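To start, the structure itself, in structure tokens.
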Amino acid sequence: MRLATAASEAYTTPLAVSELLSCKQWGAGRDQNEELGIRIPRPLGQGPSRFIPEKEILQVGSEDAQMHALFADSFAALGRLDNITLVMVFHPQYLESFLKTQHYLLQMDGPLPLHYRHYIGIMAAARHQCSYLVNLHVNDFLHVGGDPKWLNGLENAPQKLQNLGELNKVLAHRPWLITKEHIEGLLKAEEHSWSLAELVHAVVLLTHYHSLASFTFGCGISPEIHCDGGHTFRPPSVSNYCICDITNGNHTVDEMQVNSTENVSVSDSFFEVEALMEKMRQLQECRDEEEASQEEMASRFEIEKRESMFVFSSDDEEVTPARDVSRHFEDPSYGYKDFSRHGMHVPTFRVQDYCWEDHGYSLVNRLYPDVGQLIDEKFHIAYNLTYNTMAMHKDVDTSMLRRAIWNYIHCMFGIRYDDYDYGEINQLLDRSFKVYIKTVVCTPEKVTKRMYDSFWRQFKHSEKVHVNLLLIEARMQAELLYALRAITRYMT
Amino acid sequence: MEKMSRVTTALGGGVLTGRTMHCHLDAPANAISVCRDAAQVVVAGRSIFKIYAIEEEQFVEKLNLRVGRKPSLNLSCADVVWHQMDENLLATAATNGVVVTWNLGRPSRNKQDQLFTEHKRTVNKVCFHPTEAHVLLSGSQDGFMKCFDLRRKDSVSTFSGQSESVRDVQFSIRDYFTFASTFENGNVQLWDIRRPDRCERMFTAHNGPVFCCDWHPEDRGWLATGGRDKMVKVWDMTTHRAKEMHCVQTIASVARVKWRPECRHHLATCSMMVDHNIYVWDVRRPFVPAAMFEEHRDVTTGIAWRHPHDPSFLLSGSKDSSLCQHLFRDASQPVERANPEGLCYGLFGDLAFAAKESLVAAESGRKPYTGDRRHPIFFKRKLDPAEPFAGLASSALSVFETEPGGGAMRWFVDTAERYALAGRPLAELCDHNAKVARELGRDQVAQTWTMLRTIYCSPGLLPTANLSHSMGKGGSCGLQLMNSFNLKDMAPGLGSETRLDRSKGDARSDTVLLDSSATLITNEDNEETEGSDVPADYLLGDVEGEDDELYLLDPEHTHPEEPECVLPQEAFPLRHEIVDTPPGPEHLQDKADSPHVSGSEADVASLAPVDSSFSLLSVSHALYDSRLPPDFFSMLVRDMLHFYAEQGDVQMAVSVLIVLGERVRKDIDEQTQEHWYTSYIDLLQRFRLWNVSNEVVKLSTSRAVSCLNQASTTLHVNCSHCKRPMSSRGWVCDRCHRCASMCAVCHHVVKGLFVWCQGCSHGGHLQHIMKWLEGSSHCPAGCGHLCEYS
């Protein structure tokens, strides 16, 4: 694998970006090179995402100036134009902030050494069995001079990083369980202890990669060509459409098939959009008239919280992670557990008592200067991003819908906004959408193309990516809030 | 913290007494507010809403306003305010967006009066009009401010903050119609209560949310704002544009700010995160708080001065579930713990120090410096009686100058500028540097360079000399080297200096000859050391093709030389430079002038180790022919470097380190090297020798040092047309889509170095302009300006 990486890294980008390179060209190239005995990797996936047909995704070369500048920056920073970037470029405004933040976290001034940063990224991504991110960062990790032995598993890494494993686990699956004892355990471990600044850096990295893993699965990002599962050496002529999907068992659905299902349900989904818009209008209008009682409001949150536990896709089968990824984390059985289902009582987190803008930001910026600012900007952009469109409708105020999505995710994590009527969520988000949100946020490795296709059928792909951005940012903020609150409690 | 002091203040008729005290609340507080009579305080939080009476010794709970069986979000208070005209009237802002008013005069247990549910999001702040009994203002997360008339069921007017969350609203105390509001995006707006359509004035006060603001109780136009950017700013609003009067930098985001009554320049702040203390600042002294209250164990959420005309009582509520009364007298004063002494060396040997005035006055009285050559200059601040804490932590500053005209560090600058550190063969570098040192009258340093050259260059060169000439000649050459050392040792001073220079000149002319004839080595007239470098250079320059043979003969010694066997023509500009260099203006400086090697004792001391190396050298010379490797000297060289560094001449240490490179680097531990490098670079930068310092950084092999010039390498450019920063590329403006800098000669875009005339501001590619101005003195743009290029 390393060999292949080295050989193809230089022209990864054009290859991964497109299958513009037709089989014929490849064939020709192969003929020449076969004589030299060089095996040429061929991209397996069809474009950067398995869920989104490649023709929907921006082709490199047709971008406007702003996007071009973004691509250039991204390429300069990472040495590649990865599939995540290519999908996110649906929303260049966000992408810019995202790349800036990621670049800062990984490459700029910070308390942690570079190879630690990538290793933490690997740890976080491995929690969700996200082989895409793991592979990417394994390369980066080795590139910045990390010890290859560490890659054999967390037990080979320094004790200091092993200590972080527990936090990683809790943060990824049940962030509400983080207590100041977790923090204390990390900060007071004699020679293996973390400093506060390092810890904040690590926490930001962990949350960043947890949510990025959500995005990767949520949008069905295809493996990079130079990574495992991203290429094949088999000649294209043979029945090469058996795509070994490492994690999900998702098979690329034939274009035809998609189209036919779409055609069937077009009228259905059309009404879906209409109904949604109608509901939004109603909510807007009758908000002031119909006043829910206090208990009603409180119980709505509880109901939503409880219900979110049972929102789960039917195909709840266990997925066995790829061999490569599994060794990066221990205790694979520890997954997202719903807190009410198991009789655990977790006090609701009141955002009015500890919110990102006032508290989280100040803490992060104090311990890891500038990053607070960057993340804050990113949250802002993600939360406020809108084109005022909904499917085929223009000039729609989507703030209500966006807020419902955001708060629904926070609700799943037990975070409550006093000033929000959780009844709205039920009106605006239908079941299939909830299933998708829930899966992406809590168990991203189980997302399937069917889930992706079955919600919001009439909406554009860019809008679905937009939803994903909301999901990952809301998730990141939720995790950060819990982690930072624990740190704050430790400090006081 | 129970200092039992008691303060009694007479305020008109009433008298306030009390002590520093605190009481435990059942739940964290979010806000507090004081009743007009200064005898009661209301505490509000998510699950607490109580009124306490402030008695002399303690707080006594008077009333719990949280009644009813089921907790309601309406009672989850983000803010509370007590009307300053009507002591029965209170208002709270709830986290679910409801504004509630309370009437303590109601006979029933439930004092809730009115409920306004107009805001869609959390209400962050409520504020009563200071003089009007029925006017209430609220500011909410949903971006709206609403003005309520308590006699009506709904709001009178709504002010829109353009969808940005409102964090604070405050009625002006002096202007009846004005109120200020602060926003999450850093803006502050001024509104006229009669004009809800648009704000009177808006300006950006902070970077990030502005959490709080407070009007000055006396000064009409003063508004203090505090933000997440950890700053408190005081604005003068009377002028046409809001002017920042003062700025206090705190250590955490500022959650509340309150002017201290009766003290024009004092204000109290508390922070939202991390820092639990309450500070009272004098805005004119923004670095050290005037007073500090450290009672709370968790962040302070609400502060209030107990009485609008009494500066000594401060009340505070905190997340640690306690309510506190602080007495100003009991406050800790950080200024007392401040250390008002400071000492600093100037670049040119000046010394400045500041100390407590009392100390300085006493000492200068005892011991006048006037007789001394170094005379102190005193700067004494005039004492201003209005100044805060005059005498508490003020200090006097004295400056001692070194003798004027000494130019003590001149040699340093010259040396730094003229030394050659790389890019030529080692022998040349050593010679060049020796010459520089000698011209500056630093004989010892010059000697050292010469010796280094002998140690590291000769053995490698001798064989090459032998290549073209006889072995015996080489040997004699070496012997002569030793002689010359002895010579110099015997007769240091000006005489030898000039002789050396002359001989250098001779040698040079020889070289020129030699380039064609190649017979110099036999020239026995070259009695001085300098002469011997000629064959070396010549050979190095010319012999490249015979490298293999060199290897054969003495691979160990020639090998390190190899990278420096640069292109032959490089010898020419080098020589040229030496010829052109005018003799240094300063002749032999009195060594005592130099701060490093001052006094004759130092001289002796500094010579001693060098002497020993001399003797060693002469001993080693006998061994010369038996191929003594330069490694033999490495310990000596190392000691020599340490010696120079300890003498304070880190310049020498670093220069030698760079010139010798690999030859000595391994003998000196990384940390020491790094230390030398950073000290030298620091010195260079203090002298603004940026180029030299950058060269040193570039040549250093220490990782920590060489990354110094890798940071912040971005150059920010603004467009010359629209004056906006050009973000993506340096030559095309994204905004006005024009090329910012065109070359006046070739009319193409300049992407690299751009040179322009400061008279007419036309310019272009450096080369083009240079070329143009060779032929013409007028501006290439045709503007008729007579440009000058220097």
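Ordering of the structure tokens sets the chain letters (A, B, ...); residue numbers start at 1 within each chain; ligands are numbered from 1 in the order shown.
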Inset, instruction - Provide as a ChimeraX atom specification the residues of chain B at most 8 Å from chain A, counting only C-alpha atoms. - result: /B:72-74,95-97,118,120-122,228,252-253,272-274,297-298,728
Inset, instruction - Tell me, as JSON, numbers by chain, which residues lie within 9 Å of region 193-199 of chain A, counting only C-alpha atoms; anything in the same chain fewer than 6 positions away does not count. - result: {"A": [110, 111, 112, 160, 163, 183, 185, 186, 187, 364, 366, 367, 368, 487]}
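Counting from CA of Phe203 (chain B), the distance to CA of Ala242 (chain B) is 7.4 Å.
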Would you pick out the contacts of region 206-218 of chain B at 7 Å or less, using only C-alpha atoms, so that residues sharing its chain but fewer than 3 positions from it are not included, and give the list as a PDB file with C-alpha atoms, in the first residue's frame?
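result07.pdb was written with the following content:
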ATOM      1  CA  ARG B 167     -26.717  41.224  24.978  1.00  0.00           C
ATOM      2  CA  ASP B 168     -27.359  44.344  26.997  1.00  0.00           C
ATOM      3  CA  GLN B 170     -29.137  50.401  29.237  1.00  0.00           C
ATOM      4  CA  SER B 172     -28.903  56.672  29.605  1.00  0.00           C
ATOM      5  CA  ILE B 173     -28.983  58.201  33.037  1.00  0.00           C
ATOM      6  CA  THR B 182     -24.849  45.980  22.710  1.00  0.00           C
ATOM      7  CA  PHE B 183     -24.757  43.074  20.305  1.00  0.00           C
ATOM      8  CA  GLU B 184     -23.242  39.705  19.810  1.00  0.00           C
ATOM      9  CA  ASN B 185     -21.412  40.831  16.682  1.00  0.00           C
ATOM     10  CA  GLY B 186     -19.462  43.496  18.532  1.00  0.00           C
ATOM     11  CA  ASN B 187     -21.635  46.482  17.734  1.00  0.00           C
ATOM     12  CA  TRP B 222     -19.386  58.202  28.894  1.00  0.00           C
ATOM     13  CA  LEU B 223     -20.304  54.630  28.161  1.00  0.00           C
ATOM     14  CA  ALA B 224     -18.276  51.674  29.356  1.00  0.00           C
ATOM     15  CA  THR B 225     -18.536  48.445  27.373  1.00  0.00           C
ATOM     16  CA  GLY B 226     -17.102  45.043  28.112  1.00  0.00           C
ATOM     17  CA  GLY B 227     -16.671  42.238  25.633  1.00  0.00           C
ATOM     18  CA  ARG B 228     -15.609  38.701  25.030  1.00  0.00           C
ATOM     19  CA  ASP B 229     -12.316  40.038  23.715  1.00  0.00           C
ATOM     20  CA  VAL B 254     -15.962  40.718  30.668  1.00  0.00           C
ATOM     21  CA  ALA B 255     -19.453  39.760  31.784  1.00  0.00           C
ATOM     22  CA  ARG B 256     -20.505  42.840  33.738  1.00  0.00           C
ATOM     23  CA  VAL B 257     -19.244  46.335  34.139  1.00  0.00           C
ATOM     24  CA  LYS B 258     -20.444  48.902  36.675  1.00  0.00           C
ATOM     25  CA  TRP B 259     -19.148  52.385  37.310  1.00  0.00           C
TER      26      TRP B 259
END
Inset, instruction - Find the residues near Cys719 (chain B): any atom within 8 Å, counting only C-alpha atoms, skip ones fewer than 6 places away on the same chain, and give them as a list in words. - result: Pro725, Met726, Val732, Cys733 and Ala740 of chain B
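Residues within 7 Å of Tyr422 (chain A), counting only C-alpha atoms and excluding same-chain residues fewer than 3 positions away, are A:Arg300, A:Phe301, A:Glu304, A:Ile425.
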Inset, instruction - Give me the residues within 12 Å of Leu401 (chain A) as a ChimeraX atom specification, counting only C-alpha atoms and dropping any in the same chain fewer than 6 places off. - result: /A:276-277,279-281,283-284,383-386,388-390,407-408,424-430,467,470
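Taking CA of His173 (chain A) and CA of Met412 (chain A) as the two end points, the separation is 11.4 Å.
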Inset, instruction - Would you list the contacts of region 655-672 of chain B as a PyMOL selection string, taking every protein, DNA or RNA residue within 7 Å and counting only C-alpha atoms, but skipping same-chain residues closer than 6 positions in sequence? - result: chain B and resi 421-422+426+634+638+699-700
